[in-house]
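Colleague: Before I ask anything, here is the structure I am working with.
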Amino acid sequence: MLRLETAGESHGECLIAVLSGLPAGVPVSIEAVDRELWRRQQGYGRGGRMKIEKDHAEIVAGVRHSQTIGAPVAILIRNRDWPNWAEALPVERTEGDEAARRPVTRPRPGHADLAGALKYNFPEVRYVLERASARETAARVAAGALAKALLEQFGIGVLSHVVAIGGVRLERRARWEELVELSRREEIFLGCVDPDVERRMKEVVDEAYRTGDTVGGVFEVVAHGVPPGLGSCASWDRRLDGRLAQAVISVQAVKGVEIGEAIEAAASFGSRVQDPIRYDAEKRRFFRDSNRAGGIEGGMSNGEDIVIRGYLKPISTLRRPLESVDLATREPAAAAYERSDVCVVPAAGVVAEAMVALVLADAFLEKFGGDSLGETRRNYEGYREQLRRY
Ligand code: EPS
């Protein structure tokens with residue numbers, strides 16, 4: 001239903017997102033999109049680039065008079081750093097010395113560098129790192145903001161928080177209200193709902209700064225207000241958990257995804273990890289006291305909050321470089337270092353919110369369809385009525 005394509009190099013002119021499949025009539029606020037872009041740029045542990053950029057969405061197609069018109073939406077985010085790279089990455093061939101292209105011949109272990117150079121048959125990794133860069137996620141966040149705008153029309157919210165940085169973990173569940181409060185803050189530090197845990201998280205990032213290292217962690221995305229029945233148990237590729245996992249693991253540096261309490265459950269017994277089913281006769285609805293399934297059973301949303309965690313490896317650009325091989329000489333060499341971040345877990349959480357919102361909006365439109373928001377709403381209300389009568 002929804003299709004997202006992004007384009008753009010980290011140090012190119014701009015990033016572009018093209019999102020098609022949204023019905024007409026979804027309210028769009030540039031301020032709201034920019035707020036999401038701002039949230040993605042925050043967090044303790046970001047590098048110098050975030051002081052240069054101030055991401056702003058220029059919507060150039062598909063939205064008129066603050067509403068979608070049913071056409072593909074095209075969003076452009078300019079790179080403020082581009083003037084510093086115009087000579088290194090011109091669109092047309094230029095004469096001049098090789099060094100102006102800023103070639104990188106010492107691939108970083110863990111980065112796309114080497115695999116990309118081999119795959120695309122490049123003698124050095126500049127083009128690969130430009131596109132593999134997590135800078136691309138700004139385009140995803142802009143598109144995700146539109147998916148959020150659709151979901152919001154149906155009372156669905158998608159937010160994130162940081163559960164762990166290195167070995168420091170938040171040992172309790174966060175309430176939805178806490179995530180709402182966190183998302184409204186004017187200062188984002190490490191994105192943890194508990195200030196004491198956040199302070200200890202900061203110490204881990206400081207240690208990485210001191211030692212020229214990087215640090216990873218875990219973020220959690222929660223989708224609140226999702227109706228039961230999104231996704232499907234009938235076909236493997238329509239299962240909501242599979243679609244969400246793909247979307248979240250596609251975020252740069254995410255190496256693992258967990259839905260609900262999957263990791264703990266794998267070490268436990270069946271009698272302890274399911275969420276017993278209850279019925280509230282007054283409200284005429286089924287509910288659970290726990291949500292270990294993370295809101296998904298049989299590949300479908302079950303009406304509880306959807307909870308999905310992303311496990312982020314420490315990013316692979318280290319100030320204290322790892323061992324590598326120079327592509328030009330084939331001699332052992334220290335991996336290249338380019339200005340980078342030390343910790344990006346809070347930002348990755350914001351990106352994953354966008355990815356979760358895009359998948360949920362897709363599954364929502366798959367179930368309810370409609371070329372205009374009014375039509376989608378009628379179909380949705382019809383289903384709600386069916387649930388009430390069930
Ligand atoms: C960026 C993410 C990181 C930053 C990048 C901006 O990208 P990468 O995945 O390549 O490490 O380091 O900034 C730079 C490349 C730079 O010149 O500082 C982002 O999320 O916007």
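Residue names in the structure tokens use chain letters A, B, ... in the order shown, residue numbers from 1 in each chain, and ligand numbers from 1 in the order shown.
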Which residues of chain A have any atom within 9 Å of an atom in ligand 1 when counting only C-alpha atoms and all ligand atoms, and what is the closest pair of atoms for each, with the distance in Å to one decimal? Order the rows by chain and rising number and write it as a tab-separated table.
Modeller:
residue	atom	partner	partner_atom_place_in_ligand_line	distance
A:Ser10	CA	ligand 1	15 (C)	5.8
A:His11	CA	ligand 1	17 (O)	6.8
A:Arg40	CA	ligand 1	20 (O)	7.5
A:Gln41	CA	ligand 1	20 (O)	6.8
A:Arg46	CA	ligand 1	12 (O)	7.8
A:Gly47	CA	ligand 1	12 (O)	6.2
A:Gly48	CA	ligand 1	18 (O)	5.9
A:Arg49	CA	ligand 1	18 (O)	4.0
A:Met50	CA	ligand 1	21 (O)	6.7
A:Ile52	CA	ligand 1	18 (O)	8.6
A:Glu53	CA	ligand 1	21 (O)	7.8
A:Asp55	CA	ligand 1	21 (O)	8.8
A:Asp81	CA	ligand 1	17 (O)	7.6
A:His111	CA	ligand 1	9 (O)	8.4
A:Leu129	CA	ligand 1	10 (O)	6.3
A:Glu130	CA	ligand 1	10 (O)	6.7
A:Arg131	CA	ligand 1	10 (O)	8.2
A:Ala132	CA	ligand 1	9 (O)	6.6
A:Ser133	CA	ligand 1	9 (O)	3.5
A:Ala134	CA	ligand 1	9 (O)	3.8
A:Arg135	CA	ligand 1	19 (C)	3.5
A:Glu136	CA	ligand 1	21 (O)	7.0
A:Thr137	CA	ligand 1	20 (O)	6.4
A:Ala138	CA	ligand 1	21 (O)	6.5
A:Gln252	CA	ligand 1	9 (O)	7.0
A:Ala253	CA	ligand 1	9 (O)	8.3
A:Ile315	CA	ligand 1	11 (O)	7.3
A:Ser316	CA	ligand 1	11 (O)	7.8
A:Thr317	CA	ligand 1	11 (O)	6.5
A:Glu338	CA	ligand 1	17 (O)	7.1
A:Arg339	CA	ligand 1	18 (O)	4.8
A:Ser340	CA	ligand 1	12 (O)	3.7
A:Asp341	CA	ligand 1	12 (O)	5.2
A:Val342	CA	ligand 1	12 (O)	8.9
A:Val344	CA	ligand 1	20 (O)	8.2
A:Ala347	CA	ligand 1	20 (O)	7.6
A:Ala348	CA	ligand 1	20 (O)	8.6
Colleague: Taking 2 positions as the minimum chain separation for residues in the same chain, which residues sit within 10 Å of Arg292 (chain A) when counting only C-alpha atoms? Answer as a list in words.
Modeller: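 Selected residues are Ile259, Gly260, Glu261, Ala262, Glu264, Ala265, Arg272, Val273, Gln274, Asp275, Arg288, Asp289, Ser290, Gly294, Gly295, Ile296 and Val307 of chain A.
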Colleague: Could you build a table of the residues in region 34-109 of chain A lying no more than 12 Å from region 328-332 of chain A, giving for each the nearest pair of atoms and their separation in Å rounded to one decimal place, using only C-alpha atoms, ordered by chain and ascending residue number, as JSON lines?
Modeller:
{"residue": "A:Pro103", "atom": "CA", "partner": "A:Ala328", "partner_atom": "CA", "distance": 10.6}
{"residue": "A:Val104", "atom": "CA", "partner": "A:Ala328", "partner_atom": "CA", "distance": 9.7}
{"residue": "A:Thr105", "atom": "CA", "partner": "A:Ala328", "partner_atom": "CA", "distance": 6.4}
{"residue": "A:Arg106", "atom": "CA", "partner": "A:Ala328", "partner_atom": "CA", "distance": 8.4}
{"residue": "A:Pro107", "atom": "CA", "partner": "A:Ala328", "partner_atom": "CA", "distance": 10.9}
Colleague: Quick one: residues within 6 Å of Phe219 (chain A), only C-alpha atoms, excluding same-chain residues fewer than 3 positions away - as JSON, numbers by chain?
Modeller: {"A": [161, 162, 163, 309, 310, 349]}
Colleague: Can you work out the spacing between CA of Trp82 (chain A) and CA of Gly212 (chain A) in Å, to one decimal?
Modeller: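 Pair CA of Trp82 (chain A) / CA of Gly212 (chain A) returns 26.7 Å.
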Colleague: Point out the residue among A:Glu152, A:Glu381, A:Asp213, A:Glu375 with the least atom-to-atom distance to Ala361 (chain A), counting only C-alpha atoms.
Modeller: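 Among the listed residues, the smallest separation from Ala361 (chain A) belongs to A:Glu152.
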Colleague: Give me the residues near Asp206 (chain A) as a ChimeraX atom specification, where near means some atom within 10 Å (using only C-alpha atoms) and where sequence neighbours in that chain fewer than 3 positions away do not count.
Modeller: /A:44-45,200-203,209-215,342-343
Colleague: At what distance in Å, to one decimal, does CA of Gly299 (chain A) lie from CA of Ala357 (chain A)?
Modeller: 16.7 Å
Colleague: Would you kindly return, as a PyMOL selection string, each protein, DNA or RNA residue with an atom no farther than 9 Å from any atom of region 66-77 of chain A, considering only C-alpha atoms and excluding same-chain residues fewer than 4 positions away?
Modeller: chain A and resi 13-30+55-62+138-139+142-143+371-372
Colleague: Quick one: DSSP alpha helix (DSSP H) residues in region 221-365 of chain A, as a PyMOL selection string?
Modeller: chain A and resi 240-249+262-266+270-273+345-365
Colleague: Hey, which of A:Ala117, A:Met1, A:Val168, A:Val248 ends up closest to Lys367 (chain A)? Count only C-alpha atoms.
Modeller: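 Of all the options, A:Met1 lies closest to Lys367 (chain A).
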Colleague: Using only C-alpha atoms, which residue out of A:Ala352, A:Arg184, A:Gly225, A:Ala208 lies closest to Gln246 (chain A)?
Modeller: A:Ala352
Colleague: Would you please work out which residue, of A:Gly191, A:Ala363, A:His224, A:Leu244, is nearest to Leu2 (chain A) when using only C-alpha atoms?
Modeller: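 Nearest candidate to Leu2 (chain A) out of A:Gly191, A:Ala363, A:His224, A:Leu244: A:Ala363.
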Colleague: Excluding Leu312 (chain A) and its own-chain neighbours fewer than 6 positions away, which residues fall within 7 Å of it when counting only C-alpha atoms? Please give them as a PyMOL selection string.
Modeller: chain A and resi 216-218+253-255+345
